[in-house]
$ cat final35.txt   # compact mmCIF, N, CA and C atoms
# COMPACT_ATOMS: atom_id res chain seq x y z
N MET A 47 21.87 -173.20 -1.56
CA MET A 47 23.21 -173.35 -1.02
C MET A 47 24.14 -172.40 -1.77
N ASP A 48 25.04 -171.79 -1.05
CA ASP A 48 26.00 -170.85 -1.62
C ASP A 48 27.04 -171.62 -2.42
N THR A 49 27.30 -171.18 -3.65
CA THR A 49 28.27 -171.87 -4.48
C THR A 49 29.59 -171.11 -4.57
N ASP A 50 29.71 -169.99 -3.89
CA ASP A 50 30.94 -169.22 -3.87
C ASP A 50 32.03 -170.05 -3.21
N PRO A 51 33.13 -170.36 -3.92
CA PRO A 51 34.17 -171.21 -3.34
C PRO A 51 34.88 -170.57 -2.15
N ASP A 52 34.72 -169.27 -1.96
CA ASP A 52 35.32 -168.59 -0.81
C ASP A 52 34.34 -168.36 0.33
N ALA A 53 33.07 -168.80 0.15
CA ALA A 53 32.09 -168.62 1.21
C ALA A 53 32.48 -169.46 2.43
N PRO A 54 32.31 -168.92 3.62
CA PRO A 54 32.64 -169.67 4.83
C PRO A 54 31.77 -170.92 4.98
N VAL A 55 32.34 -171.92 5.65
CA VAL A 55 31.64 -173.17 5.94
C VAL A 55 31.65 -173.35 7.46
N LEU A 56 30.47 -173.55 8.02
CA LEU A 56 30.34 -173.79 9.45
C LEU A 56 30.09 -175.27 9.68
N ILE A 57 30.93 -175.89 10.48
CA ILE A 57 30.73 -177.28 10.91
C ILE A 57 30.15 -177.21 12.31
N PHE A 58 28.96 -177.83 12.49
CA PHE A 58 28.24 -177.69 13.75
C PHE A 58 27.68 -179.04 14.16
N ASP A 59 27.19 -179.13 15.39
CA ASP A 59 26.62 -180.36 15.93
C ASP A 59 25.24 -180.58 15.33
N GLY A 60 25.15 -181.43 14.32
CA GLY A 60 23.89 -181.68 13.64
C GLY A 60 22.91 -182.49 14.46
N ASP A 61 23.36 -183.12 15.55
CA ASP A 61 22.45 -183.86 16.42
C ASP A 61 21.73 -182.94 17.41
N CYS A 62 22.16 -181.71 17.48
CA CYS A 62 21.60 -180.75 18.43
C CYS A 62 20.59 -179.86 17.71
N PRO A 63 19.30 -179.97 18.05
CA PRO A 63 18.30 -179.17 17.34
C PRO A 63 18.51 -177.66 17.51
N TYR A 64 19.00 -177.24 18.66
CA TYR A 64 19.25 -175.81 18.89
C TYR A 64 20.39 -175.33 17.99
N CYS A 65 21.44 -176.13 17.91
CA CYS A 65 22.59 -175.77 17.07
C CYS A 65 22.20 -175.75 15.60
N SER A 66 21.36 -176.69 15.20
CA SER A 66 20.93 -176.76 13.80
C SER A 66 20.17 -175.52 13.39
N VAL A 67 19.23 -175.08 14.21
CA VAL A 67 18.46 -173.89 13.89
C VAL A 67 19.37 -172.67 13.86
N ALA A 68 20.26 -172.55 14.84
CA ALA A 68 21.18 -171.40 14.87
C ALA A 68 22.10 -171.42 13.65
N ALA A 69 22.62 -172.58 13.28
CA ALA A 69 23.52 -172.68 12.13
C ALA A 69 22.82 -172.29 10.84
N VAL A 70 21.60 -172.75 10.66
CA VAL A 70 20.87 -172.42 9.44
C VAL A 70 20.52 -170.94 9.42
N ALA A 71 20.16 -170.38 10.58
CA ALA A 71 19.86 -168.94 10.64
C ALA A 71 21.10 -168.12 10.29
N LEU A 72 22.26 -168.51 10.80
CA LEU A 72 23.50 -167.80 10.48
C LEU A 72 23.84 -167.93 9.00
N ARG A 73 23.59 -169.11 8.45
CA ARG A 73 23.87 -169.29 7.02
C ARG A 73 23.02 -168.33 6.20
N ARG A 74 21.77 -168.18 6.57
CA ARG A 74 20.88 -167.30 5.81
C ARG A 74 21.29 -165.85 5.96
N LEU A 75 21.74 -165.46 7.13
CA LEU A 75 22.12 -164.08 7.37
C LEU A 75 23.49 -163.74 6.81
N GLU A 76 24.40 -164.68 6.85
CA GLU A 76 25.79 -164.38 6.54
C GLU A 76 26.34 -165.10 5.31
N GLY A 77 25.52 -165.90 4.62
CA GLY A 77 26.01 -166.64 3.47
C GLY A 77 26.90 -167.80 3.85
N VAL A 78 26.81 -168.25 5.09
CA VAL A 78 27.63 -169.36 5.58
C VAL A 78 26.97 -170.67 5.18
N VAL A 79 27.74 -171.59 4.64
CA VAL A 79 27.27 -172.93 4.34
C VAL A 79 27.38 -173.73 5.63
N ALA A 80 26.27 -174.28 6.11
CA ALA A 80 26.25 -174.99 7.39
C ALA A 80 26.23 -176.49 7.16
N VAL A 81 27.25 -177.18 7.68
CA VAL A 81 27.41 -178.62 7.47
C VAL A 81 27.45 -179.31 8.83
N PRO A 82 26.59 -180.32 9.05
CA PRO A 82 26.64 -181.03 10.32
C PRO A 82 27.92 -181.82 10.51
N TRP A 83 28.41 -181.84 11.74
CA TRP A 83 29.65 -182.54 12.09
C TRP A 83 29.59 -184.00 11.66
N GLU A 84 28.41 -184.58 11.65
CA GLU A 84 28.23 -185.99 11.36
C GLU A 84 28.30 -186.30 9.86
N ALA A 85 28.31 -185.29 8.99
CA ALA A 85 28.33 -185.51 7.54
C ALA A 85 29.63 -186.19 7.12
N ASP A 86 29.55 -187.08 6.15
CA ASP A 86 30.70 -187.87 5.71
C ASP A 86 31.95 -187.06 5.37
N PRO A 87 31.84 -185.92 4.66
CA PRO A 87 33.07 -185.21 4.29
C PRO A 87 33.76 -184.47 5.44
N VAL A 88 33.07 -184.33 6.57
CA VAL A 88 33.65 -183.57 7.69
C VAL A 88 34.86 -184.28 8.28
N GLY A 89 34.78 -185.59 8.49
CA GLY A 89 35.89 -186.34 9.09
C GLY A 89 37.19 -186.18 8.33
N PRO A 90 37.19 -186.42 7.01
CA PRO A 90 38.43 -186.23 6.25
C PRO A 90 38.94 -184.79 6.30
N PHE A 91 38.02 -183.82 6.29
CA PHE A 91 38.46 -182.42 6.39
C PHE A 91 39.15 -182.18 7.73
N LEU A 92 38.52 -182.62 8.82
CA LEU A 92 39.11 -182.41 10.16
C LEU A 92 40.45 -183.14 10.28
N ASP A 93 40.53 -184.36 9.74
CA ASP A 93 41.81 -185.08 9.76
C ASP A 93 42.90 -184.28 9.05
N ALA A 94 42.56 -183.71 7.90
CA ALA A 94 43.54 -182.94 7.13
C ALA A 94 43.93 -181.65 7.85
N GLN A 95 42.97 -181.04 8.56
CA GLN A 95 43.24 -179.77 9.23
C GLN A 95 43.93 -179.95 10.58
N PHE A 96 43.42 -180.90 11.38
CA PHE A 96 43.87 -181.04 12.76
C PHE A 96 44.67 -182.31 13.04
N GLY A 97 44.67 -183.26 12.11
CA GLY A 97 45.32 -184.54 12.37
C GLY A 97 44.48 -185.44 13.25
N SER A 98 43.23 -185.03 13.50
CA SER A 98 42.28 -185.81 14.29
C SER A 98 40.89 -185.24 13.98
N ARG A 99 39.88 -185.75 14.67
CA ARG A 99 38.51 -185.30 14.42
C ARG A 99 37.91 -184.68 15.68
N PRO A 100 38.35 -183.49 16.04
CA PRO A 100 37.82 -182.86 17.25
C PRO A 100 36.34 -182.54 17.08
N PHE A 101 35.56 -182.87 18.12
CA PHE A 101 34.14 -182.55 18.13
C PHE A 101 34.03 -181.10 18.62
N ALA A 102 33.87 -180.19 17.68
CA ALA A 102 33.82 -178.76 18.02
C ALA A 102 33.12 -178.00 16.90
N MET A 103 32.62 -176.82 17.25
CA MET A 103 32.14 -175.91 16.23
C MET A 103 33.36 -175.39 15.49
N VAL A 104 33.31 -175.45 14.16
CA VAL A 104 34.44 -175.02 13.35
C VAL A 104 33.92 -174.14 12.23
N LEU A 105 34.52 -172.98 12.07
CA LEU A 105 34.19 -172.07 10.98
C LEU A 105 35.40 -172.01 10.06
N VAL A 106 35.20 -172.45 8.81
CA VAL A 106 36.26 -172.47 7.81
C VAL A 106 36.03 -171.30 6.87
N ASP A 107 37.02 -170.43 6.74
CA ASP A 107 36.91 -169.31 5.82
C ASP A 107 38.01 -169.44 4.77
N PRO A 108 37.70 -170.11 3.65
CA PRO A 108 38.73 -170.32 2.64
C PRO A 108 39.22 -169.02 2.01
N GLY A 109 38.38 -167.99 1.97
CA GLY A 109 38.80 -166.70 1.44
C GLY A 109 39.90 -166.06 2.26
N GLU A 110 39.83 -166.25 3.57
CA GLU A 110 40.86 -165.74 4.49
C GLU A 110 41.98 -166.74 4.70
N GLY A 111 41.72 -168.02 4.36
CA GLY A 111 42.71 -169.07 4.63
C GLY A 111 42.80 -169.37 6.11
N ARG A 112 41.65 -169.25 6.82
CA ARG A 112 41.64 -169.45 8.27
C ARG A 112 40.58 -170.44 8.69
N VAL A 113 40.83 -171.06 9.84
CA VAL A 113 39.89 -171.97 10.47
C VAL A 113 39.75 -171.52 11.92
N TYR A 114 38.52 -171.25 12.32
CA TYR A 114 38.21 -170.84 13.68
C TYR A 114 37.58 -172.04 14.37
N ALA A 115 38.03 -172.38 15.58
CA ALA A 115 37.50 -173.54 16.28
C ALA A 115 37.02 -173.18 17.68
N GLY A 116 35.98 -173.87 18.14
CA GLY A 116 35.47 -173.71 19.50
C GLY A 116 35.09 -172.28 19.82
N ARG A 117 35.65 -171.75 20.92
CA ARG A 117 35.34 -170.38 21.34
C ARG A 117 35.63 -169.37 20.25
N SER A 118 36.73 -169.56 19.52
CA SER A 118 37.07 -168.62 18.44
C SER A 118 36.02 -168.63 17.35
N ALA A 119 35.47 -169.80 17.03
CA ALA A 119 34.41 -169.89 16.02
C ALA A 119 33.16 -169.16 16.51
N ALA A 120 32.79 -169.39 17.77
CA ALA A 120 31.59 -168.74 18.32
C ALA A 120 31.76 -167.22 18.32
N GLU A 121 32.93 -166.75 18.73
CA GLU A 121 33.18 -165.31 18.77
C GLU A 121 33.16 -164.72 17.35
N GLU A 122 33.77 -165.39 16.41
CA GLU A 122 33.81 -164.91 15.03
C GLU A 122 32.41 -164.86 14.42
N LEU A 123 31.60 -165.88 14.69
CA LEU A 123 30.22 -165.88 14.19
C LEU A 123 29.42 -164.74 14.79
N ALA A 124 29.60 -164.49 16.09
CA ALA A 124 28.89 -163.39 16.73
C ALA A 124 29.29 -162.06 16.10
N GLU A 125 30.58 -161.90 15.82
CA GLU A 125 31.06 -160.67 15.20
C GLU A 125 30.49 -160.51 13.79
N ARG A 126 30.50 -161.58 13.02
CA ARG A 126 29.98 -161.52 11.64
C ARG A 126 28.47 -161.29 11.61
N ALA A 127 27.79 -161.73 12.65
CA ALA A 127 26.35 -161.52 12.72
C ALA A 127 26.02 -160.09 13.13
N GLY A 128 27.05 -159.30 13.45
CA GLY A 128 26.84 -157.90 13.78
C GLY A 128 26.44 -157.65 15.22
N THR A 129 26.70 -158.62 16.09
CA THR A 129 26.39 -158.40 17.49
C THR A 129 27.48 -157.54 18.12
N PRO A 130 27.14 -156.77 19.13
CA PRO A 130 28.16 -155.93 19.77
C PRO A 130 29.32 -156.77 20.31
N GLY A 131 30.49 -156.16 20.40
CA GLY A 131 31.69 -156.83 20.88
C GLY A 131 31.51 -157.54 22.20
N ILE A 132 30.72 -156.96 23.08
CA ILE A 132 30.53 -157.58 24.39
C ILE A 132 29.82 -158.92 24.26
N VAL A 133 28.90 -159.05 23.28
CA VAL A 133 28.20 -160.32 23.08
C VAL A 133 29.19 -161.38 22.61
N GLY A 134 30.05 -161.02 21.64
CA GLY A 134 31.07 -161.96 21.17
C GLY A 134 31.97 -162.40 22.30
N GLY A 135 32.36 -161.47 23.16
CA GLY A 135 33.19 -161.80 24.31
C GLY A 135 32.48 -162.71 25.29
N LEU A 136 31.20 -162.45 25.53
CA LEU A 136 30.43 -163.32 26.43
C LEU A 136 30.29 -164.72 25.86
N VAL A 137 30.05 -164.81 24.55
CA VAL A 137 29.95 -166.12 23.91
C VAL A 137 31.28 -166.85 24.01
N ARG A 138 32.37 -166.14 23.70
CA ARG A 138 33.70 -166.75 23.77
C ARG A 138 34.00 -167.22 25.19
N ASP A 139 33.77 -166.35 26.17
CA ASP A 139 34.12 -166.66 27.55
C ASP A 139 33.25 -167.75 28.16
N ASN A 140 32.04 -167.95 27.62
CA ASN A 140 31.12 -168.93 28.18
C ASN A 140 30.84 -170.10 27.24
N TYR A 141 31.69 -170.27 26.22
CA TYR A 141 31.48 -171.31 25.21
C TYR A 141 31.33 -172.69 25.85
N ASP A 142 32.23 -173.05 26.76
CA ASP A 142 32.18 -174.39 27.36
C ASP A 142 30.88 -174.58 28.16
N ARG A 143 30.48 -173.57 28.89
CA ARG A 143 29.25 -173.66 29.69
C ARG A 143 28.04 -173.78 28.78
N ILE A 144 27.98 -172.95 27.74
CA ILE A 144 26.87 -172.99 26.79
C ILE A 144 26.82 -174.35 26.10
N ALA A 145 27.98 -174.84 25.63
CA ALA A 145 28.04 -176.13 24.95
C ALA A 145 27.59 -177.25 25.88
N GLY A 146 27.97 -177.17 27.15
CA GLY A 146 27.56 -178.20 28.11
C GLY A 146 26.06 -178.21 28.35
N VAL A 147 25.47 -177.02 28.53
CA VAL A 147 24.03 -176.93 28.75
C VAL A 147 23.27 -177.42 27.53
N VAL A 148 23.68 -176.95 26.35
CA VAL A 148 23.01 -177.38 25.11
C VAL A 148 23.17 -178.89 24.92
N GLY A 149 24.35 -179.42 25.22
CA GLY A 149 24.57 -180.86 25.10
C GLY A 149 23.66 -181.65 26.03
N THR A 150 23.49 -181.17 27.24
CA THR A 150 22.61 -181.84 28.19
C THR A 150 21.17 -181.79 27.71
N LEU A 151 20.73 -180.61 27.27
CA LEU A 151 19.34 -180.46 26.80
C LEU A 151 19.05 -181.30 25.57
N SER A 152 20.04 -181.46 24.70
CA SER A 152 19.81 -182.20 23.45
C SER A 152 20.09 -183.69 23.61
N GLY A 153 20.64 -184.11 24.76
CA GLY A 153 20.93 -185.51 24.98
C GLY A 153 22.18 -185.99 24.27
N ARG A 154 23.02 -185.06 23.87
CA ARG A 154 24.26 -185.41 23.17
C ARG A 154 25.17 -186.18 24.15
N GLY A 155 25.77 -187.24 23.69
CA GLY A 155 26.58 -188.08 24.56
C GLY A 155 28.07 -187.81 24.47
N ARG A 156 28.48 -186.62 24.02
CA ARG A 156 29.92 -186.33 23.93
C ARG A 156 30.15 -184.87 24.27
N ASP A 157 31.34 -184.61 24.79
CA ASP A 157 31.72 -183.24 25.14
C ASP A 157 32.51 -182.61 24.01
N PRO A 158 32.43 -181.29 23.88
CA PRO A 158 33.22 -180.61 22.85
C PRO A 158 34.72 -180.75 23.12
N ALA A 159 35.48 -180.83 22.04
CA ALA A 159 36.93 -180.91 22.15
C ALA A 159 37.50 -179.57 22.61
N ASP A 160 38.68 -179.63 23.18
CA ASP A 160 39.34 -178.44 23.70
C ASP A 160 40.21 -177.79 22.61
N VAL A 161 39.55 -177.32 21.55
CA VAL A 161 40.23 -176.57 20.48
C VAL A 161 39.51 -175.24 20.37
N HIS A 162 40.24 -174.16 20.54
CA HIS A 162 39.60 -172.85 20.62
C HIS A 162 40.38 -171.74 19.93
N ASP A 163 41.25 -172.08 19.02
CA ASP A 163 42.11 -171.08 18.41
C ASP A 163 41.71 -170.75 16.98
N ILE A 164 42.48 -169.86 16.39
CA ILE A 164 42.37 -169.54 14.97
C ILE A 164 43.60 -170.17 14.32
N TYR A 165 43.35 -170.97 13.28
CA TYR A 165 44.40 -171.72 12.62
C TYR A 165 44.50 -171.31 11.16
N ASP A 166 45.68 -171.45 10.59
CA ASP A 166 45.82 -171.31 9.14
C ASP A 166 45.19 -172.54 8.50
N LEU A 167 44.43 -172.35 7.44
CA LEU A 167 43.86 -173.45 6.69
C LEU A 167 45.00 -174.20 6.00
N THR A 168 45.15 -175.47 6.31
CA THR A 168 46.22 -176.24 5.68
C THR A 168 45.90 -176.47 4.21
N ASP A 169 46.93 -176.70 3.42
CA ASP A 169 46.74 -176.96 1.99
C ASP A 169 45.86 -178.18 1.77
N ASP A 170 46.13 -179.25 2.53
CA ASP A 170 45.35 -180.48 2.36
C ASP A 170 43.88 -180.27 2.73
N ALA A 171 43.62 -179.54 3.82
CA ALA A 171 42.24 -179.27 4.21
C ALA A 171 41.58 -178.32 3.21
N GLY A 172 42.33 -177.36 2.71
CA GLY A 172 41.79 -176.42 1.73
C GLY A 172 41.28 -177.13 0.49
N GLU A 173 41.94 -178.20 0.10
CA GLU A 173 41.50 -178.97 -1.06
C GLU A 173 40.19 -179.72 -0.81
N LEU A 174 39.82 -179.89 0.46
CA LEU A 174 38.61 -180.65 0.81
C LEU A 174 37.41 -179.77 1.12
N VAL A 175 37.60 -178.45 1.18
CA VAL A 175 36.48 -177.55 1.51
C VAL A 175 35.33 -177.73 0.53
N GLY A 176 35.65 -177.88 -0.75
CA GLY A 176 34.60 -178.08 -1.76
C GLY A 176 33.77 -179.33 -1.53
N ASP A 177 34.35 -180.34 -0.88
CA ASP A 177 33.61 -181.56 -0.56
C ASP A 177 32.58 -181.33 0.54
N LEU A 178 32.81 -180.31 1.37
CA LEU A 178 31.89 -180.03 2.47
C LEU A 178 30.57 -179.43 1.98
N ARG A 179 30.64 -178.58 0.97
CA ARG A 179 29.47 -177.83 0.51
C ARG A 179 28.25 -178.68 0.14
N PRO A 180 28.42 -179.79 -0.60
CA PRO A 180 27.24 -180.60 -0.93
C PRO A 180 26.58 -181.25 0.28
N ALA A 181 27.29 -181.31 1.40
CA ALA A 181 26.74 -181.92 2.62
C ALA A 181 26.01 -180.90 3.50
N ALA A 182 25.83 -179.69 2.99
CA ALA A 182 25.15 -178.64 3.77
C ALA A 182 23.76 -179.11 4.19
N SER A 183 23.38 -178.70 5.39
CA SER A 183 22.08 -179.09 5.90
C SER A 183 20.98 -178.28 5.25
N ASP A 184 19.81 -178.86 5.17
CA ASP A 184 18.65 -178.15 4.65
C ASP A 184 18.03 -177.36 5.77
N PRO A 185 17.48 -176.18 5.46
CA PRO A 185 16.83 -175.40 6.51
C PRO A 185 15.61 -176.12 7.08
N PRO A 186 15.40 -176.02 8.39
CA PRO A 186 14.15 -176.55 8.96
C PRO A 186 12.96 -175.84 8.32
N GLU A 187 11.83 -176.50 8.29
CA GLU A 187 10.62 -175.93 7.65
C GLU A 187 10.32 -174.50 8.12
N ALA A 188 10.51 -174.24 9.41
CA ALA A 188 10.19 -172.93 9.97
C ALA A 188 11.05 -171.83 9.39
N LEU A 189 12.24 -172.16 8.88
CA LEU A 189 13.14 -171.14 8.36
C LEU A 189 13.18 -171.12 6.83
N SER A 190 12.46 -172.02 6.19
CA SER A 190 12.49 -172.08 4.72
C SER A 190 11.74 -170.93 4.10
$ encode --input "final35.txt" --output "structure tokens"
Amino acid sequence: MDTDPDAPVLIFDGDCPYCSVAAVALRRLEGVVAVPWEADPVGPFLDAQFGSRPFAMVLVDPGEGRVYAGRSAAEELAERAGTPGIVGGLVRDNYDRIAGVVGTLSGRGRDPADVHDIYDLTDDAGELVGDLRPAASDPPEALS
């Protein structure tokens, strides 16, 4: 697990096997700490950042002081992974459709929240980023 306090943290759907493998792969490639949405420290972080607990992919970059949510998180991850701009745009533009298909395939019983912007990391949420890191998911055996 990355111990850099400025390393990005990805909050993802830990109940979704496809999302879990993708999140762990991105962590390995980009130094992103991947934490499942269901982990205990995620709720307090989301409350501090959004005033609620939106079910969405969230990329927290404490070094930049930014939080990317939903389509913005997917687009930012695609860009950081070095995919061409058109791929990031396709991911952003089709985020809801992709999330719906993946949710159906994984049997997830909830829809993603409608949060898709880039936000300033709030002071209160920034203080909780360190609590997210110990909850990082372990890589699946195939990626270890």
$ residues_around --input "final35.txt" --residues "Ala171 in chain A" --least-positions-apart "4" --cutoff "8 Å" --atoms "only C-alpha atoms" --output "VMD selection string"
chain A and resid 91 to 92 94 to 95 167 175
$ residues_around --input "final35.txt" --residues "range 87-89 of chain A" --least-positions-apart "4" --cutoff "6 Å" --atoms "all atoms listed in the file" --output "PyMOL selection string"
chain A and resi 83+93-94+177-178
$ atom_distance --input "final35.txt" --atom1 "atom N of Gly128 in chain A" --atom2 "atom C of Val79 in chain A"
16.4 Å
$ atom_distance --input "final35.txt" --atom1 "CA of Pro180 in chain A" --atom2 "atom N of Ala85 in chain A"
11.0 Å
$ atom_distance --input "final35.txt" --atom1 "atom C of Pro82 in chain A" --atom2 "atom N of Phe58 in chain A"
4.6 Å
$ closest_residue --input "final35.txt" --among "A:Asp160, A:Glu122, A:Asp50, A:Asp166" --to "Pro100 in chain A" --atoms "only C-alpha atoms"
A:Asp160
